[in-house]
>>> print(open('entry-v3.cif').read())   # mmCIF, C-alpha atoms
data_run
#
loop_
_atom_site.label_atom_id
_atom_site.label_comp_id
_atom_site.auth_asym_id
_atom_site.auth_seq_id
_atom_site.Cartn_x
_atom_site.Cartn_y
_atom_site.Cartn_z
CA MET R 27 135.16 -108.43 293.85
CA ALA R 28 137.61 -110.32 296.07
CA ALA R 29 140.88 -108.56 296.87
CA GLY R 30 144.02 -109.73 298.58
CA PRO R 31 145.99 -112.93 298.21
CA GLU R 32 143.06 -114.95 296.83
CA GLY R 33 142.44 -112.47 294.00
CA LEU R 34 146.15 -112.43 293.20
CA VAL R 35 146.24 -116.22 292.83
CA ASN R 36 143.24 -116.16 290.45
CA SER R 37 144.86 -113.48 288.33
CA THR R 38 148.11 -115.46 288.08
CA THR R 39 146.20 -118.58 287.05
CA ALA R 40 144.37 -116.62 284.36
CA THR R 41 147.66 -115.27 282.96
CA ALA R 42 149.17 -118.75 282.95
CA THR R 43 146.14 -120.10 281.08
CA LEU R 44 146.42 -117.38 278.46
CA ALA R 45 150.11 -118.14 277.98
CA LEU R 46 149.44 -121.79 277.06
CA PRO R 47 149.97 -122.65 273.39
CA PRO R 48 146.79 -123.31 271.40
CA PRO R 49 145.69 -126.95 271.40
CA GLU R 50 147.19 -128.98 268.56
CA PRO R 51 144.78 -130.49 266.05
CA ALA R 52 144.30 -134.26 266.13
CA PRO R 53 147.10 -136.03 264.23
CA GLY R 54 146.24 -136.45 260.57
CA LEU R 55 143.35 -133.99 260.73
CA THR R 56 145.08 -131.31 258.65
CA GLY R 57 145.75 -133.67 255.76
CA LYS R 58 142.24 -135.10 255.85
CA LEU R 59 140.72 -131.62 255.98
CA GLY R 60 142.78 -130.53 252.98
CA MET R 61 141.73 -133.61 251.01
CA TRP R 62 138.04 -133.17 251.91
CA ILE R 63 138.17 -129.56 250.68
CA PHE R 64 139.80 -130.77 247.45
CA LEU R 65 137.15 -133.47 247.11
CA ALA R 66 134.38 -130.89 247.61
CA GLY R 67 135.80 -129.07 244.57
CA GLU R 68 135.96 -132.35 242.64
CA MET R 69 132.34 -133.02 243.61
CA LEU R 70 131.34 -129.78 241.86
CA PHE R 71 133.55 -130.65 238.86
CA PHE R 72 131.97 -134.06 238.29
CA GLY R 73 128.60 -132.72 239.44
CA ALA R 74 128.47 -130.35 236.46
CA LEU R 75 128.87 -133.38 234.16
CA PHE R 76 126.05 -135.21 235.94
CA VAL R 77 123.79 -132.16 235.51
CA ALA R 78 124.70 -131.98 231.80
CA TYR R 79 123.74 -135.65 231.51
CA ALA R 80 120.38 -135.07 233.25
CA VAL R 81 119.52 -132.18 230.94
CA ALA R 82 120.51 -134.08 227.78
CA ARG R 83 118.66 -137.22 228.86
CA GLN R 84 115.53 -135.25 229.70
CA HIS R 85 115.56 -133.84 226.15
CA HIS R 86 116.46 -137.12 224.39
CA PRO R 87 115.10 -140.06 226.44
CA GLU R 88 114.82 -142.41 223.43
CA GLY R 89 118.29 -141.57 222.14
CA PHE R 90 119.85 -142.18 225.55
CA ALA R 91 118.01 -145.49 225.95
CA ALA R 92 119.09 -146.65 222.47
CA ALA R 93 122.71 -145.61 223.09
CA SER R 94 122.87 -147.15 226.57
CA ALA R 95 121.59 -150.45 225.17
CA LYS R 96 124.76 -150.58 223.04
CA THR R 97 127.08 -150.49 226.07
CA ASP R 98 128.35 -153.72 227.61
CA VAL R 99 126.49 -154.03 230.93
CA TRP R 100 128.42 -157.13 232.02
CA LEU R 101 131.82 -155.51 231.62
CA GLY R 102 130.45 -152.44 233.39
CA THR R 103 129.15 -154.56 236.29
CA VAL R 104 132.45 -156.46 236.59
CA ASN R 105 134.33 -153.18 236.61
CA THR R 106 132.06 -151.80 239.33
CA ALA R 107 132.64 -154.90 241.46
CA LEU R 108 136.39 -154.52 240.93
CA LEU R 109 136.38 -150.90 241.99
CA LEU R 110 134.31 -151.69 245.11
CA THR R 111 136.83 -154.40 245.96
CA SER R 112 139.73 -152.00 245.44
CA SER R 113 138.04 -149.59 247.84
CA LEU R 114 137.94 -152.37 250.45
CA ALA R 115 141.69 -152.94 249.94
CA VAL R 116 142.45 -149.23 250.34
CA ALA R 117 140.23 -149.03 253.45
CA MET R 118 142.14 -151.99 254.93
CA ALA R 119 145.42 -150.21 254.15
CA ALA R 120 144.20 -147.01 255.83
CA GLU R 121 143.10 -148.99 258.88
CA SER R 122 146.54 -150.62 259.16
CA ALA R 123 148.33 -147.31 258.73
CA GLU R 124 146.07 -145.64 261.28
CA ARG R 125 147.14 -148.25 263.80
CA LEU R 126 150.78 -147.48 263.01
CA ARG R 127 151.35 -150.66 261.01
CA PRO R 128 152.25 -149.18 257.59
CA ARG R 129 154.10 -152.30 256.49
CA ASP R 130 150.79 -154.19 256.78
CA ALA R 131 149.25 -151.49 254.61
CA ALA R 132 151.64 -151.99 251.68
CA PRO R 133 150.15 -155.28 250.32
CA TRP R 134 146.65 -153.80 250.42
CA LEU R 135 147.86 -150.73 248.53
CA TRP R 136 149.54 -152.90 245.88
CA ALA R 137 146.34 -154.94 245.57
CA ALA R 138 144.27 -151.77 245.05
CA ALA R 139 146.72 -150.48 242.43
CA ALA R 140 146.62 -153.83 240.59
CA ILE R 141 142.80 -153.90 240.62
CA GLY R 142 142.82 -150.33 239.32
CA LEU R 143 145.00 -151.42 236.40
CA VAL R 144 142.61 -154.31 235.62
CA PHE R 145 139.72 -151.80 235.66
CA ILE R 146 141.49 -149.60 233.11
CA ALA R 147 142.31 -152.63 230.94
CA ILE R 148 138.64 -153.71 230.90
CA LYS R 149 137.63 -150.14 230.07
CA GLY R 150 140.07 -150.31 227.16
CA VAL R 151 138.35 -153.50 225.91
CA GLU R 152 135.01 -151.69 226.10
CA TYR R 153 136.37 -148.69 224.16
CA ARG R 154 137.70 -151.05 221.48
CA GLN R 155 134.31 -152.74 221.09
CA GLU R 156 132.55 -149.39 220.85
CA TRP R 157 135.07 -148.06 218.33
CA GLN R 158 134.61 -151.14 216.14
CA GLU R 159 130.81 -150.74 216.28
CA GLY R 160 131.13 -147.13 215.06
CA LEU R 161 129.87 -145.66 218.31
CA PHE R 162 132.57 -143.02 218.59
CA PRO R 163 130.95 -139.58 217.93
CA GLY R 164 131.67 -138.31 214.43
CA PRO R 165 130.35 -138.22 210.85
CA GLY R 166 129.92 -141.99 210.62
CA PHE R 167 128.03 -142.36 213.91
CA ARG R 168 124.99 -144.63 213.69
CA ILE R 169 122.98 -146.82 216.09
CA ASP R 170 122.15 -150.05 214.24
CA GLY R 171 122.52 -148.18 210.95
CA ARG R 172 120.20 -145.29 211.84
CA ALA R 173 120.62 -141.83 213.24
CA VAL R 174 118.88 -141.51 216.60
CA ALA R 175 118.54 -138.06 218.17
CA GLY R 176 120.59 -137.75 221.32
CA ALA R 177 122.49 -141.05 220.94
CA GLU R 178 125.62 -139.31 219.71
CA LEU R 179 125.35 -136.85 222.58
CA PHE R 180 125.19 -139.79 225.01
CA PHE R 181 128.39 -141.30 223.61
CA ALA R 182 130.18 -137.92 223.55
CA TRP R 183 129.35 -137.56 227.25
CA TYR R 184 130.21 -141.22 227.93
CA PHE R 185 133.68 -141.07 226.37
CA PHE R 186 134.50 -137.76 228.03
CA VAL R 187 133.38 -138.69 231.54
CA THR R 188 134.81 -142.23 231.54
CA ALA R 189 138.16 -140.97 230.21
CA LEU R 190 138.19 -138.31 232.93
CA HIS R 191 137.39 -140.96 235.52
CA ALA R 192 140.15 -143.22 234.16
CA LEU R 193 142.60 -140.31 234.45
CA HIS R 194 141.64 -139.85 238.11
CA LEU R 195 142.02 -143.58 238.65
CA ALA R 196 145.48 -143.56 237.05
CA ILE R 197 146.52 -140.81 239.49
CA GLY R 198 145.12 -142.93 242.33
CA ILE R 199 147.11 -145.96 241.15
CA ALA R 200 150.31 -143.89 241.13
CA LEU R 201 149.55 -142.55 244.63
CA CYS R 202 148.87 -146.05 246.00
CA ALA R 203 152.10 -147.39 244.50
CA GLY R 204 154.00 -144.39 245.88
CA CYS R 205 152.61 -144.94 249.39
CA ALA R 206 153.38 -148.67 249.24
CA ILE R 207 156.99 -147.97 248.25
CA ALA R 208 157.35 -145.26 250.92
CA SER R 209 156.08 -147.62 253.62
CA ARG R 210 159.30 -149.67 253.26
CA SER R 211 161.46 -146.82 254.59
CA ARG R 212 163.08 -147.36 258.00
CA ARG R 213 160.86 -145.28 260.30
CA PRO R 214 157.69 -144.64 258.37
CA GLU R 215 155.07 -145.10 261.11
CA ARG R 216 154.19 -141.50 262.02
CA ALA R 217 154.58 -140.14 258.49
CA ALA R 218 152.82 -143.01 256.72
CA ALA R 219 149.51 -142.90 258.57
CA PRO R 220 148.23 -139.48 257.39
CA ARG R 221 149.63 -140.08 253.90
CA VAL R 222 147.80 -143.38 253.42
CA GLN R 223 144.58 -141.93 254.86
CA VAL R 224 144.64 -139.00 252.45
CA VAL R 225 145.30 -141.28 249.45
CA ALA R 226 142.50 -143.57 250.67
CA LEU R 227 140.03 -140.66 250.74
CA TYR R 228 140.94 -139.80 247.14
CA TRP R 229 140.57 -143.41 246.01
CA HIS R 230 137.16 -143.79 247.63
CA PHE R 231 135.99 -140.60 245.95
CA VAL R 232 136.98 -141.98 242.54
CA ASP R 233 135.00 -145.10 243.47
CA VAL R 234 131.95 -142.99 244.43
CA VAL R 235 132.08 -141.21 241.05
CA TRP R 236 132.00 -144.58 239.29
CA ILE R 237 129.12 -145.76 241.51
CA GLY R 238 127.19 -142.74 240.23
CA LEU R 239 128.17 -143.34 236.60
CA TYR R 240 127.23 -147.05 236.52
CA PRO R 241 123.40 -146.71 236.39
CA LEU R 242 123.59 -143.64 234.14
CA ILE R 243 125.68 -145.45 231.52
CA TYR R 244 124.55 -149.07 231.65
CA LEU R 245 121.06 -149.12 233.17
CA VAL R 246 119.15 -146.48 231.20
CA ALA R 247 116.80 -148.98 229.55
CA PRO R 248 115.73 -152.52 230.53
CA ARG R 249 118.12 -155.11 229.14
CA SER R 250 115.62 -157.87 228.29
CA MET L 3 145.95 -141.75 264.30
CA LYS L 4 144.39 -143.71 267.11
CA PRO L 5 145.90 -143.73 270.63
CA ASP L 6 148.75 -146.15 271.16
CA ALA L 7 146.64 -148.51 273.29
CA ALA L 8 144.17 -148.90 270.46
CA SER L 9 146.90 -149.15 267.85
CA THR L 10 148.44 -152.17 269.55
CA ASP L 11 145.11 -153.88 270.16
CA PRO L 12 144.79 -156.68 267.58
CA ARG L 13 141.13 -157.20 268.50
CA GLY L 14 140.39 -153.58 267.54
CA LEU L 15 142.01 -154.09 264.14
CA ARG L 16 140.17 -157.37 263.62
CA HIS L 17 136.88 -155.71 264.52
CA ALA L 18 137.55 -152.80 262.15
CA ARG L 19 138.45 -155.17 259.31
CA ARG L 20 135.29 -157.19 259.88
CA ARG L 21 133.24 -153.99 259.65
CA LEU L 22 134.96 -153.03 256.37
CA ALA L 23 134.41 -156.51 254.92
CA GLY L 24 130.72 -156.31 255.91
CA ALA L 25 130.38 -152.97 254.09
CA TRP L 26 132.06 -154.47 251.01
CA LEU L 27 129.64 -157.43 250.99
CA ALA L 28 126.68 -155.06 251.31
CA LEU L 29 128.04 -153.05 248.35
CA LEU L 30 128.33 -156.18 246.20
CA VAL L 31 124.78 -157.28 247.08
CA LEU L 32 123.48 -153.81 246.16
CA LEU L 33 125.42 -153.95 242.88
CA ALA L 34 123.83 -157.33 242.08
CA LEU L 35 120.36 -155.90 242.86
CA SER L 36 121.07 -152.92 240.65
CA ALA L 37 122.19 -155.10 237.71
CA LEU L 38 119.19 -157.41 238.26
CA SER L 39 116.72 -154.50 238.25
CA ALA L 40 117.75 -153.77 234.65
CA HIS L 41 116.13 -157.05 233.57
CA PHE L 42 112.64 -155.95 234.62
CA HIS L 43 110.46 -153.45 232.78
CA LEU L 44 109.62 -151.06 235.61
CA GLY L 45 109.31 -147.82 233.63
CA THR L 46 110.46 -144.94 235.83
CA GLY L 47 111.09 -147.60 238.48
CA ASN L 48 114.24 -148.64 236.59
CA LEU L 49 115.67 -145.14 236.96
CA ILE L 50 114.61 -144.91 240.61
CA ALA L 51 116.11 -148.33 241.39
CA GLY L 52 119.39 -147.62 239.59
CA VAL L 53 119.96 -144.15 241.03
CA GLY L 54 118.51 -145.02 244.46
CA ILE L 55 120.82 -148.01 244.88
CA ALA L 56 123.77 -145.90 243.68
CA ILE L 57 123.00 -143.28 246.35
CA ILE L 58 122.89 -145.99 249.06
CA LYS L 59 126.21 -147.43 247.81
CA ALA L 60 127.85 -143.99 247.75
CA GLY L 61 126.55 -143.42 251.30
CA ILE L 62 128.10 -146.68 252.53
CA VAL L 63 131.46 -145.80 250.96
CA ALA L 64 131.42 -142.29 252.43
CA TRP L 65 130.18 -143.35 255.87
CA ILE L 66 132.30 -146.45 256.45
CA PHE L 67 135.21 -146.54 253.97
CA MET L 68 135.86 -142.78 254.01
CA GLY L 69 135.42 -142.73 257.79
CA LEU L 70 132.70 -140.06 258.07
CA ARG L 71 131.14 -142.37 260.67
CA GLU L 72 133.82 -141.46 263.21
CA ALA L 73 135.13 -138.22 261.67
CA PRO L 74 135.18 -134.95 263.63
CA ALA L 75 132.39 -132.46 262.95
CA LEU L 76 134.72 -130.27 260.87
CA LEU L 77 135.28 -132.97 258.23
CA ARG L 78 131.58 -133.85 258.12
CA LEU L 79 130.79 -130.16 257.67
CA VAL L 80 133.17 -129.84 254.69
CA ALA L 81 131.70 -132.98 253.07
CA ALA L 82 128.15 -131.75 253.65
CA ALA L 83 129.01 -128.28 252.33
CA GLY L 84 130.40 -129.76 249.10
CA LEU L 85 127.30 -131.89 248.61
CA GLY L 86 124.96 -129.04 249.59
CA ILE L 87 126.51 -126.58 247.12
CA LEU L 88 126.37 -129.25 244.38
CA LEU L 89 122.66 -129.87 245.04
CA LEU L 90 121.96 -126.13 245.11
CA LEU L 91 123.70 -125.52 241.77
CA ALA L 92 122.10 -128.62 240.24
CA GLY L 93 118.68 -127.41 241.41
CA LEU L 94 119.22 -123.95 239.92
CA SER L 95 120.36 -125.51 236.63
CA GLY L 96 117.25 -127.70 236.69
CA VAL L 97 115.02 -124.63 237.00
CA ASP L 98 116.80 -123.04 234.04
CA PHE L 99 116.88 -125.99 231.65
CA GLY L 100 113.59 -127.51 232.78
CA THR L 101 111.63 -124.45 231.69
CA ARG L 102 113.18 -124.11 228.20
CA ARG L 103 111.68 -125.32 224.95
CA ASP L 104 113.61 -127.97 223.06
CA GLU L 105 114.84 -126.35 219.84
CA ALA L 106 116.38 -127.94 216.76
CA THR L 107 120.01 -126.92 216.56
CA PRO L 108 122.32 -126.66 213.55
CA TYR L 109 124.62 -129.50 214.68
CA GLN L 110 121.78 -132.05 214.48
CA ARG L 111 121.29 -133.70 211.12
CA PRO L 112 117.70 -133.18 209.88
CA GLU L 113 116.96 -136.91 209.96
CA ALA L 114 118.04 -136.99 213.61
CA VAL L 115 115.59 -134.30 214.71
CA PRO L 116 112.29 -135.63 216.14
CA PRO L 117 109.22 -134.90 213.95
CA ALA L 118 107.66 -132.48 216.48
CA LEU L 119 110.73 -130.27 216.31
CA VAL L 120 110.82 -130.35 212.51
CA GLN L 121 107.22 -129.15 212.46
CA ALA L 122 108.03 -126.34 214.87
CA HIS L 123 110.99 -125.40 212.70
CA ARG L 124 108.91 -125.42 209.50
CA ALA L 125 106.27 -123.23 211.14
CA ALA L 126 108.96 -120.63 211.73
CA VAL L 127 110.55 -120.86 208.23
CA PRO L 128 107.77 -119.26 206.03
CA ARG L 129 108.25 -115.93 207.78
CA ILE L 130 111.92 -115.94 206.80
CA SER L 131 111.29 -117.16 203.23
CA GLY L 132 108.60 -114.47 202.86
CA LEU L 133 111.20 -111.82 203.60
CA TRP L 134 113.53 -113.40 201.07
CA MET L 135 110.85 -113.13 198.35
CA LEU L 136 110.36 -109.41 199.05
CA ARG L 137 113.96 -108.61 198.15
#
>>> encode(input="entry-v3.cif", output="structure tokens")
Amino acid sequence: MAAGPEGLVNSTTATATLALPPPEPAPGLTGKLGMWIFLAGEMLFFGALFVAYAVARQHHPEGFAAASAKTDVWLGTVNTALLLTSSLAVAMAAESAERLRPRDAAPWLWAAAAIGLVFIAIKGVEYRQEWQEGLFPGPGFRIDGRAVAGAELFFAWYFFVTALHALHLAIGIALCAGCAIASRSRRPERAAAPRVQVVALYWHFVDVVWIGLYPLIYLVAPRS
Amino acid sequence: MKPDAASTDPRGLRHARRRLAGAWLALLVLLALSALSAHFHLGTGNLIAGVGIAIIKAGIVAWIFMGLREAPALLRLVAAAGLGILLLLAGLSGVDFGTRRDEATPYQRPEAVPPALVQAHRAAVPRISGLWMLR
């Protein structure tokens, strides 16, 4: 081992290196990590409902096909297109915020919130149709005047999961509006970027859940 | 946040927006294909088409819109762990439910129970009624 002045210099360098503060995480990483962990939990939450659907459908394939045929595939398709478009708007907002242009992000966030509201309104129209056709689970439930095994189970699952999804969407709408309002403050650049990115992750997740629901609700049986 | 040089580069923003718009168009085309597939009688193919296209769409949203494409390994790991645990639990549930017999349950009205189940139920009933007659 080397001794003398050279060894002394090496030792000093090593001490100085140890004294350095730990490297800071990339800006925005903490928020994104927290949201991804939250979304992993949400994945399991919605995942349980998807598993319940798979089990019920495996046991009642005819009932699920008959019940799905009563849903409005066109309204469902329009709603899916709307949600995909809202995801584009939120992604544009996140891109603007990431490049420290939060004021550019605000219109995109407002657009996403507005599309989210239209989605919920269309879902309300669907619920109304289904209520009027007697498709809400209960004593009077019938499919075209007959009792079909599993059909009521399908609609119980349908109303629960779509209402839960709408609740998540409503939270997303509030978050988007909140971010858009906050972006008008005087010096929002550094604070706005991670905030918008985290909200964007949440919004996209709600979109992914709907992407999974669409074929399970509307495309169980051929439509023609 | 991206470095300042990138943040002030309008070409970078334009390029990123073009990529996002391309992903959105691909999603709409896949949605149209999915809706169209419901008008053909493909048997199990309908299910495969619907769910398969949904998986591709979810992948595009996660990879491009949610930024997994350029995310650090830590974020990808968390996303993969969530998905992996979900698949594991779903698989275990499948083993459980897939190996059970379908039984008629009290909450189903008799007319809603498929004939095969009614027969299975009736086969089990005489044993009980026999006990009742012994009392």
>>> atom_distance(input="entry-v3.cif", atom1="atom CA of Ile199 of chain R", atom2="atom CA of Trp62 of chain R")
19.0 Å
>>> resolve_selection(input="entry-v3.cif", expression="the PyMOL selection byres ((chain R and resi 136) around 9)", output="count of residues only")
15
>>> closest_atom_pairs(input="entry-v3.cif", of="chain R", to="chain L", cutoff="7 Å", atoms="all atoms listed in the file", output="tab-separated table")
residue	atom	partner	partner_atom	distance
R:Pro53	CA	L:Met3	CA	5.8
R:Gly54	CA	L:Met3	CA	6.5
R:Leu59	CA	L:Leu77	CA	6.0
R:Trp62	CA	L:Ala81	CA	6.4
R:Ile63	CA	L:Val80	CA	6.4
R:Ala66	CA	L:Gly84	CA	4.4
R:Met69	CA	L:Gly84	CA	6.7
R:Leu70	CA	L:Leu88	CA	5.6
R:Gly73	CA	L:Leu88	CA	6.4
R:Val77	CA	L:Ala92	CA	6.1
R:Val81	CA	L:Phe99	CA	6.8
R:His85	CA	L:Asp104	CA	6.9
R:Ala107	CA	L:Leu30	CA	6.5
R:Leu110	CA	L:Trp26	CA	6.9
R:Thr111	CA	L:Trp26	CA	6.9
R:Leu114	CA	L:Trp26	CA	6.3
R:Ala117	CA	L:Phe67	CA	5.6
R:Met118	CA	L:Arg19	CA	6.6
R:Glu124	CA	L:Met3	CA	4.9
R:Arg125	CA	L:Ser9	CA	4.2
R:Leu126	CA	L:Ser9	CA	6.4
R:Ala173	CA	L:Ala114	CA	5.5
R:Val174	CA	L:Ala114	CA	5.5
R:Ala175	CA	L:Ala114	CA	4.7
R:Ala219	CA	L:Met3	CA	6.8
R:Leu227	CA	L:Met68	CA	5.7
R:His230	CA	L:Met68	CA	6.6
R:Val234	CA	L:Ala60	CA	5.4
R:Ile237	CA	L:Ala56	CA	5.8
R:Gly238	CA	L:Ala56	CA	5.8
R:Pro241	CA	L:Gly52	CA	5.2
R:Leu245	CA	L:Ala40	CA	5.9
R:Val246	CA	L:Leu49	CA	6.9
R:Pro248	CA	L:Ala40	CA	4.8
R:Arg249	CA	L:His41	CA	5.2
R:Ser250	CA	L:His41	CA	5.4
>>> residues_around(input="entry-v3.cif", residues="segment 179-185 of chain R", least_positions_apart="2", cutoff="7 Å", atoms="all atoms listed in the file", output="PyMOL selection string")
chain R and resi 90+93+162-163+176-177+187-189
>>> closest_residue(input="entry-v3.cif", among="R:Val224, R:Leu108, R:Gly89, R:Tyr244", to="Phe64 of chain R", atoms="all atoms listed in the file")
R:Val224
>>> atom_distance(input="entry-v3.cif", atom1="atom CA of Leu190 of chain R", atom2="atom CA of Ala247 of chain R")
24.1 Å
>>> residues_around(input="entry-v3.cif", residues="Ser209 of chain R", least_positions_apart="3", cutoff="7 Å", atoms="all atoms listed in the file", output="list in words")
Pro128, Arg129, Ala132, Cys205, Ala206, Pro214 and Ala218 of chain R
>>> atom_distance(input="entry-v3.cif", atom1="atom CA of Trp236 of chain R", atom2="atom CA of Arg221 of chain R")
23.3 Å
>>> axis_aligned_box(input="entry-v3.cif", around="segment 147-160 of chain R", padding_each_side="5 Å", output="AutoDock Vina command-line options")
--center_x 136.6 --center_y -150.4 --center_z 223.0 --size_x 21.5 --size_y 16.6 --size_z 25.9
